[in-house]
$ cat run.pdb   # PDB, C-alpha atoms
ATOM      1  CA  MET F 152      75.632  -8.056  37.193
ATOM      2  CA  LYS F 153      74.664  -4.483  36.283
ATOM      3  CA  VAL F 154      77.434  -2.659  34.428
ATOM      4  CA  LEU F 155      77.614   1.051  33.625
ATOM      5  CA  LEU F 156      79.169   1.869  30.262
ATOM      6  CA  PRO F 157      79.540   5.658  29.966
ATOM      7  CA  LEU F 158      80.308   7.156  26.561
ATOM      8  CA  PRO F 159      81.066  10.555  25.057
ATOM      9  CA  ARG F 160      78.593  12.040  22.566
ATOM     10  CA  ARG F 161      80.899  11.076  19.727
ATOM     11  CA  ASP F 162      84.199   9.420  18.845
ATOM     12  CA  TYR F 163      84.220   6.429  21.191
ATOM     13  CA  ASP F 164      86.275   3.495  19.935
ATOM     14  CA  PRO F 165      83.794   1.007  18.434
ATOM     15  CA  THR F 166      85.963  -1.991  19.317
ATOM     16  CA  ASP F 167      86.336  -0.978  22.980
ATOM     17  CA  VAL F 168      82.599  -0.417  23.342
ATOM     18  CA  ALA F 169      80.911  -2.967  21.078
ATOM     19  CA  VAL F 170      83.125  -5.956  21.836
ATOM     20  CA  SER F 171      82.976  -5.274  25.584
ATOM     21  CA  TRP F 172      79.187  -4.825  25.431
ATOM     22  CA  LYS F 173      78.751  -8.051  23.432
ATOM     23  CA  ILE F 174      80.853 -10.091  25.861
ATOM     24  CA  LEU F 175      78.957  -8.689  28.843
ATOM     25  CA  ALA F 176      75.527  -9.116  27.212
ATOM     26  CA  ASP F 177      76.311 -12.657  26.031
ATOM     27  CA  ALA F 178      77.288 -13.518  29.606
ATOM     28  CA  GLY F 179      73.884 -12.287  30.832
ATOM     29  CA  HIS F 180      74.953  -8.981  32.360
ATOM     30  CA  ALA F 181      72.739  -5.894  32.108
ATOM     31  CA  VAL F 182      74.543  -2.913  30.566
ATOM     32  CA  THR F 183      73.396   0.648  31.228
ATOM     33  CA  PHE F 184      74.759   3.317  28.901
ATOM     34  CA  ALA F 185      75.243   6.985  29.745
ATOM     35  CA  THR F 186      76.261  10.022  27.686
ATOM     36  CA  PRO F 187      76.771  13.659  28.707
ATOM     37  CA  ASP F 188      73.246  14.682  27.656
ATOM     38  CA  GLY F 189      71.390  11.359  27.468
ATOM     39  CA  GLN F 190      71.492  11.351  23.665
ATOM     40  CA  VAL F 191      72.671   8.341  21.654
ATOM     41  CA  ALA F 192      76.460   8.287  21.215
ATOM     42  CA  ARG F 193      78.242   7.971  17.860
ATOM     43  CA  ALA F 194      81.398   5.954  17.277
ATOM     44  CA  ASP F 195      84.549   7.372  15.753
ATOM     45  CA  PRO F 196      83.766   6.972  12.019
ATOM     46  CA  VAL F 197      87.467   6.708  11.167
ATOM     47  CA  MET F 198      87.743   3.550  13.258
ATOM     48  CA  LEU F 199      84.695   2.045  11.538
ATOM     49  CA  ASP F 200      85.559   2.744   7.905
ATOM     50  CA  GLY F 201      89.329   3.325   7.974
ATOM     51  CA  ILE F 202      89.087   6.500   5.904
ATOM     52  CA  GLY F 203      91.746   8.884   7.194
ATOM     53  CA  LEU F 204      94.051   6.304   8.779
ATOM     54  CA  ASP F 205      96.438   6.145   5.823
ATOM     55  CA  PHE F 206      99.402   8.531   5.559
ATOM     56  CA  TRP F 207      97.649  10.389   2.723
ATOM     57  CA  GLY F 208      94.339  10.535   4.632
ATOM     58  CA  ARG F 209      94.379  14.332   4.852
ATOM     59  CA  ILE F 210      94.649  14.791   1.087
ATOM     60  CA  PRO F 211      91.058  15.168  -0.198
ATOM     61  CA  VAL F 212      91.610  13.406  -3.530
ATOM     62  CA  LEU F 213      93.365  10.427  -1.930
ATOM     63  CA  LYS F 214      91.403  10.317   1.335
ATOM     64  CA  ARG F 215      89.126   7.434   0.278
ATOM     65  CA  LEU F 216      92.019   5.267  -0.915
ATOM     66  CA  LYS F 217      92.360   2.788   1.952
ATOM     67  CA  LEU F 218      95.295   0.450   2.426
ATOM     68  CA  ILE F 219      96.661   0.774   5.938
ATOM     69  CA  GLY F 220      93.262   2.058   7.077
ATOM     70  CA  LEU F 221      91.716  -1.315   6.301
ATOM     71  CA  VAL F 222      94.151  -2.928   8.729
ATOM     72  CA  LEU F 223      93.986  -0.266  11.460
ATOM     73  CA  ARG F 224      90.197   0.140  11.581
ATOM     74  CA  ALA F 225      87.960  -2.022  13.757
ATOM     75  CA  ASP F 226      88.161  -5.623  12.574
ATOM     76  CA  ARG F 227      85.269  -7.587  11.079
ATOM     77  CA  ARG F 228      84.082  -8.979  14.424
ATOM     78  CA  ALA F 229      84.171  -5.563  16.089
ATOM     79  CA  ARG F 230      82.234  -3.975  13.209
ATOM     80  CA  ALA F 231      79.637  -6.771  13.417
ATOM     81  CA  ALA F 232      79.336  -6.260  17.189
ATOM     82  CA  HIS F 233      78.951  -2.526  16.599
ATOM     83  CA  CYS F 234      76.123  -3.127  14.106
ATOM     84  CA  ALA F 235      74.317  -5.137  16.792
ATOM     85  CA  LEU F 236      75.071  -2.533  19.456
ATOM     86  CA  VAL F 237      73.521   0.390  17.588
ATOM     87  CA  ASP F 238      70.210  -1.527  17.456
ATOM     88  CA  ASN F 239      70.276  -2.389  21.178
ATOM     89  CA  ALA F 240      67.454  -0.833  23.231
ATOM     90  CA  ALA F 241      69.717   0.122  26.158
ATOM     91  CA  PHE F 242      72.227   1.775  23.816
ATOM     92  CA  LEU F 243      69.400   3.745  22.180
ATOM     93  CA  ALA F 244      68.144   5.020  25.560
ATOM     94  CA  PRO F 245      71.208   6.161  27.515
ATOM     95  CA  LEU F 246      71.058   8.003  30.792
ATOM     96  CA  SER F 247      72.719  11.390  31.069
ATOM     97  CA  TYR F 248      75.793  11.558  33.286
ATOM     98  CA  ALA F 249      73.693  13.569  35.767
ATOM     99  CA  GLN F 250      71.087  10.781  35.916
ATOM    100  CA  ILE F 251      73.550   8.022  36.821
ATOM    101  CA  GLY F 252      73.413   8.750  40.539
ATOM    102  CA  ALA F 253      69.660   9.330  40.482
ATOM    103  CA  HIS F 254      68.772   6.264  38.356
ATOM    104  CA  ASP F 255      67.010   3.593  40.425
ATOM    105  CA  GLY F 256      69.479   3.020  43.281
ATOM    106  CA  GLY F 257      72.185   5.093  41.584
ATOM    107  CA  VAL F 258      75.743   3.852  41.800
ATOM    108  CA  ASN F 259      74.645   1.566  44.653
ATOM    109  CA  ASP F 260      72.373  -0.258  42.193
ATOM    110  CA  LEU F 261      75.235  -0.826  39.739
ATOM    111  CA  ASP F 262      77.967  -3.397  40.199
ATOM    112  CA  ALA F 263      80.788  -1.888  38.147
ATOM    113  CA  PRO F 264      81.630   0.623  35.456
ATOM    114  CA  LEU F 265      83.451  -0.253  32.254
ATOM    115  CA  LEU F 266      85.324   2.784  30.947
ATOM    116  CA  PRO F 267      86.047   2.484  27.211
ATOM    117  CA  GLY F 268      88.460   4.559  25.196
ATOM    118  CA  GLY F 269      88.793   6.366  21.928
ATOM    119  CA  HIS F 270      91.273   8.679  20.235
ATOM    120  CA  ALA F 271      89.435  11.526  18.522
ATOM    121  CA  GLN F 272      88.482  14.979  19.834
ATOM    122  CA  GLY F 273      85.002  13.924  20.978
ATOM    123  CA  MET F 274      86.569  11.913  23.803
ATOM    124  CA  ARG F 275      87.661  15.038  25.668
ATOM    125  CA  GLU F 276      84.249  15.759  27.186
ATOM    126  CA  TYR F 277      84.153  12.205  28.553
ATOM    127  CA  LEU F 278      87.710  12.145  29.881
ATOM    128  CA  GLU F 279      87.423  15.641  31.407
ATOM    129  CA  SER F 280      83.879  15.409  32.823
ATOM    130  CA  LYS F 281      84.013  16.294  36.524
ATOM    131  CA  LEU F 282      80.563  14.765  36.933
ATOM    132  CA  LEU F 283      81.661  11.450  35.419
ATOM    133  CA  GLN F 284      84.898  11.519  37.438
ATOM    134  CA  HIS F 285      82.769  11.898  40.577
ATOM    135  CA  VAL F 286      80.613   8.907  39.556
ATOM    136  CA  VAL F 287      83.695   6.744  38.943
ATOM    137  CA  ALA F 288      85.134   7.844  42.301
ATOM    138  CA  GLU F 289      81.909   6.635  43.954
ATOM    139  CA  PHE F 290      82.559   3.159  42.557
ATOM    140  CA  PHE F 291      86.104   3.239  43.942
ATOM    141  CA  ASP F 292      84.837   4.518  47.318
ATOM    142  CA  ALA F 293      82.269   1.699  47.436
ATOM    143  CA  GLY F 294      85.034  -0.861  46.850
ATOM    144  CA  LYS F 295      83.487  -1.971  43.570
ATOM    145  CA  PRO F 296      85.581  -3.110  40.613
ATOM    146  CA  VAL F 297      86.331  -0.506  37.953
ATOM    147  CA  ALA F 298      87.273  -1.753  34.480
ATOM    148  CA  ALA F 299      88.940   0.437  31.865
ATOM    149  CA  VAL F 300      90.059  -0.116  28.284
ATOM    150  CA  CYS F 301      92.583   1.993  26.362
ATOM    151  CA  HIS F 302      92.059   5.693  27.151
ATOM    152  CA  GLY F 303      89.399   4.780  29.699
ATOM    153  CA  VAL F 304      92.254   4.436  32.202
ATOM    154  CA  VAL F 305      92.714   8.222  31.948
ATOM    155  CA  LEU F 306      89.183   8.733  33.267
ATOM    156  CA  ALA F 307      89.826   6.222  36.062
ATOM    157  CA  ALA F 308      93.083   7.950  37.020
ATOM    158  CA  ARG F 309      91.448  11.378  37.059
ATOM    159  CA  SER F 310      88.706  10.060  39.316
TER     160      SER F 310
END
$ encode --input "run.pdb" --output "structure tokens"
Amino acid sequence: MKVLLPLPRRDYDPTDVAVSWKILADAGHAVTFATPDGQVARADPVMLDGIGLDFWGRIPVLKRLKLIGLVLRADRRARAAHCALVDNAAFLAPLSYAQIGAHDGGVNDLDAPLLPGGHAQGMREYLESKLLQHVVAEFFDAGKPVAAVCHGVVLAARS
């Protein structure tokens, strides 16, 4: 199976993306990544390190003191999957959103999209991209399955 995994430039949830990618890759599926400009995406650093998730996270002196942040950040397995992901050749060579339809057979050459989520500001360009909404709508129109995790359902609904 060929799966499209579109991402924003920054602030995707590392658990949503890396764990999903690892499961798909381990099952033998080919994953194609895409970002708005074809540049490598960056995960939400808060979800990787937990800094800023505690109640006092906005106080500069206390910001690095992690208690709750250690529990709320991506767990050990997700962080390990993310470390593997950022070295993956497909992840390091994403398409741009505009190239998705033009890549090989376009949406017809892909079997399904997986729409991950995230919580930080960088997700807006992904969730509000008319181009990406059009691509997702093409999957729906073709009767192909569309998978979404967390805030990825917002992109699916807008499509």
$ resolve_selection --input "run.pdb" --expression "the PyMOL selection byres ((chain F and resi 268) around 10)" --output "list in words"
Leu158, Pro159, Asp162, Tyr163, Asp164, Pro165, Thr166, Asp167, Val168, Leu265, Leu266, Pro267, Gly269, His270, Ala271, Met274, Tyr277, Leu278, Ala299, Val300, Cys301, His302, Gly303, Val304, Val305 and Leu306 of chain F
$ atom_distance --input "run.pdb" --atom1 "CA of Asp238 (chain F)" --atom2 "CA of Lys153 (chain F)"
19.6 Å
$ atom_distance --input "run.pdb" --atom1 "CA of Ala308 (chain F)" --atom2 "CA of Arg275 (chain F)"
14.4 Å
$ atom_distance --input "run.pdb" --atom1 "CA of Lys295 (chain F)" --atom2 "CA of Pro157 (chain F)"
16.1 Å
$ residues_near_point --input "run.pdb" --point "(67.1, 6.5, 22.8)" --cutoff "10 Å" --atoms "only C-alpha atoms" --output "JSON, numbers by chain"
{"F": [189, 190, 191, 192, 239, 240, 241, 242, 243, 244, 245, 246]}
$ closest_residue --input "run.pdb" --among "F:Ser310, F:Gln272, F:Ser280, F:Thr186" --to "Val297 (chain F)" --atoms "all atoms listed in the file"
F:Ser310
$ closest_residue --input "run.pdb" --among "F:Ala293, F:Leu283, F:Ala307, F:Val170" --to "Leu261 (chain F)" --atoms "all atoms listed in the file"
F:Ala293
$ residues_around --input "run.pdb" --residues "Gln250 (chain F)" --least-positions-apart "5" --cutoff "12 Å" --atoms "all atoms listed in the file" --output "number ranges by chain"
F: 155, 157, 183-189, 245, 255-258, 282-283, 286
$ closest_residue --input "run.pdb" --among "F:Val237, F:Ala263, F:Leu175, F:Val154" --to "Arg193 (chain F)" --atoms "only C-alpha atoms"
F:Val237
$ closest_residue --input "run.pdb" --among "F:Asp260, F:Arg230, F:Ala176, F:Val182" --to "Met198 (chain F)" --atoms "all atoms listed in the file"
F:Arg230
$ closest_residue --input "run.pdb" --among "F:Arg309, F:Asp226, F:Ala232, F:Pro264" --to "Glu279 (chain F)" --atoms "only C-alpha atoms"
F:Arg309
$ build_atoms --input "run.pdb" --residues "region 257-268 of chain F" --atoms "all heavy atoms" --output "mmCIF file, in the coordinates of the input"
data_model
loop_
_atom_site.group_PDB
_atom_site.id
_atom_site.type_symbol
_atom_site.label_atom_id
_atom_site.label_comp_id
_atom_site.auth_asym_id
_atom_site.auth_seq_id
_atom_site.Cartn_x
_atom_site.Cartn_y
_atom_site.Cartn_z
ATOM 1 N N GLY F 257 70.953 4.378 41.894
ATOM 2 C CA GLY F 257 72.185 5.093 41.584
ATOM 3 C C GLY F 257 73.369 4.158 41.483
ATOM 4 O O GLY F 257 73.235 3.005 41.090
ATOM 5 N N VAL F 258 74.520 4.648 41.861
ATOM 6 C CA VAL F 258 75.743 3.852 41.800
ATOM 7 C C VAL F 258 75.610 2.612 42.683
ATOM 8 O O VAL F 258 76.143 1.549 42.368
ATOM 9 C CB VAL F 258 76.971 4.711 42.201
ATOM 10 C CG1 VAL F 258 78.200 3.860 42.366
ATOM 11 C CG2 VAL F 258 77.215 5.787 41.152
ATOM 12 N N ASN F 259 74.843 2.724 43.769
ATOM 13 C CA ASN F 259 74.645 1.566 44.653
ATOM 14 C C ASN F 259 73.920 0.427 43.950
ATOM 15 O O ASN F 259 74.052 -0.729 44.334
ATOM 16 C CB ASN F 259 73.878 1.977 45.911
ATOM 17 C CG ASN F 259 74.685 2.905 46.784
ATOM 18 O OD1 ASN F 259 75.908 2.808 46.834
ATOM 19 N ND2 ASN F 259 74.014 3.818 47.454
ATOM 20 N N ASP F 260 73.134 0.754 42.929
ATOM 21 C CA ASP F 260 72.373 -0.258 42.193
ATOM 22 C C ASP F 260 73.181 -0.869 41.052
ATOM 23 O O ASP F 260 72.734 -1.802 40.406
ATOM 24 C CB ASP F 260 71.089 0.375 41.633
ATOM 25 C CG ASP F 260 70.106 -0.664 41.121
ATOM 26 O OD1 ASP F 260 69.979 -1.725 41.758
ATOM 27 O OD2 ASP F 260 69.484 -0.421 40.074
ATOM 28 N N LEU F 261 74.367 -0.334 40.807
ATOM 29 C CA LEU F 261 75.235 -0.826 39.739
ATOM 30 C C LEU F 261 76.414 -1.569 40.356
ATOM 31 O O LEU F 261 76.889 -1.204 41.430
ATOM 32 C CB LEU F 261 75.725 0.340 38.880
ATOM 33 C CG LEU F 261 74.625 1.104 38.137
ATOM 34 C CD1 LEU F 261 75.140 2.452 37.643
ATOM 35 C CD2 LEU F 261 74.098 0.285 36.982
ATOM 36 N N ASP F 262 76.888 -2.583 39.650
ATOM 37 C CA ASP F 262 77.967 -3.397 40.199
ATOM 38 C C ASP F 262 79.354 -2.922 39.803
ATOM 39 O O ASP F 262 80.308 -3.122 40.559
ATOM 40 C CB ASP F 262 77.782 -4.857 39.772
ATOM 41 C CG ASP F 262 76.503 -5.437 40.343
ATOM 42 O OD1 ASP F 262 76.326 -5.376 41.569
ATOM 43 O OD2 ASP F 262 75.666 -5.911 39.549
ATOM 44 N N ALA F 263 79.469 -2.317 38.624
ATOM 45 C CA ALA F 263 80.788 -1.888 38.147
ATOM 46 C C ALA F 263 80.638 -0.994 36.920
ATOM 47 O O ALA F 263 79.678 -1.148 36.173
ATOM 48 C CB ALA F 263 81.642 -3.098 37.778
ATOM 49 N N PRO F 264 81.585 -0.105 36.723
ATOM 50 C CA PRO F 264 81.630 0.623 35.456
ATOM 51 C C PRO F 264 82.679 -0.009 34.534
ATOM 52 O O PRO F 264 83.654 -0.604 35.003
ATOM 53 C CB PRO F 264 82.077 2.023 35.874
ATOM 54 C CG PRO F 264 82.994 1.767 37.019
ATOM 55 C CD PRO F 264 82.433 0.545 37.725
ATOM 56 N N LEU F 265 82.455 0.103 33.256
ATOM 57 C CA LEU F 265 83.451 -0.253 32.254
ATOM 58 C C LEU F 265 83.728 1.020 31.473
ATOM 59 O O LEU F 265 82.817 1.576 30.847
ATOM 60 C CB LEU F 265 82.939 -1.353 31.326
ATOM 61 C CG LEU F 265 83.830 -1.651 30.117
ATOM 62 C CD1 LEU F 265 85.220 -2.103 30.545
ATOM 63 C CD2 LEU F 265 83.195 -2.695 29.233
ATOM 64 N N LEU F 266 84.953 1.504 31.548
ATOM 65 C CA LEU F 266 85.324 2.784 30.947
ATOM 66 C C LEU F 266 86.072 2.542 29.642
ATOM 67 O O LEU F 266 87.239 2.180 29.655
ATOM 68 C CB LEU F 266 86.195 3.579 31.928
ATOM 69 C CG LEU F 266 85.651 3.691 33.355
ATOM 70 C CD1 LEU F 266 86.665 4.371 34.254
ATOM 71 C CD2 LEU F 266 84.305 4.398 33.365
ATOM 72 N N PRO F 267 85.401 2.726 28.497
ATOM 73 C CA PRO F 267 86.047 2.484 27.211
ATOM 74 C C PRO F 267 86.891 3.677 26.783
ATOM 75 O O PRO F 267 86.853 4.740 27.409
ATOM 76 C CB PRO F 267 84.871 2.286 26.264
ATOM 77 C CG PRO F 267 83.823 3.184 26.834
ATOM 78 C CD PRO F 267 84.000 3.095 28.334
ATOM 79 N N GLY F 268 87.615 3.493 25.709
ATOM 80 C CA GLY F 268 88.460 4.559 25.196
ATOM 81 C C GLY F 268 88.055 5.016 23.820
ATOM 82 O O GLY F 268 86.997 4.686 23.308
#
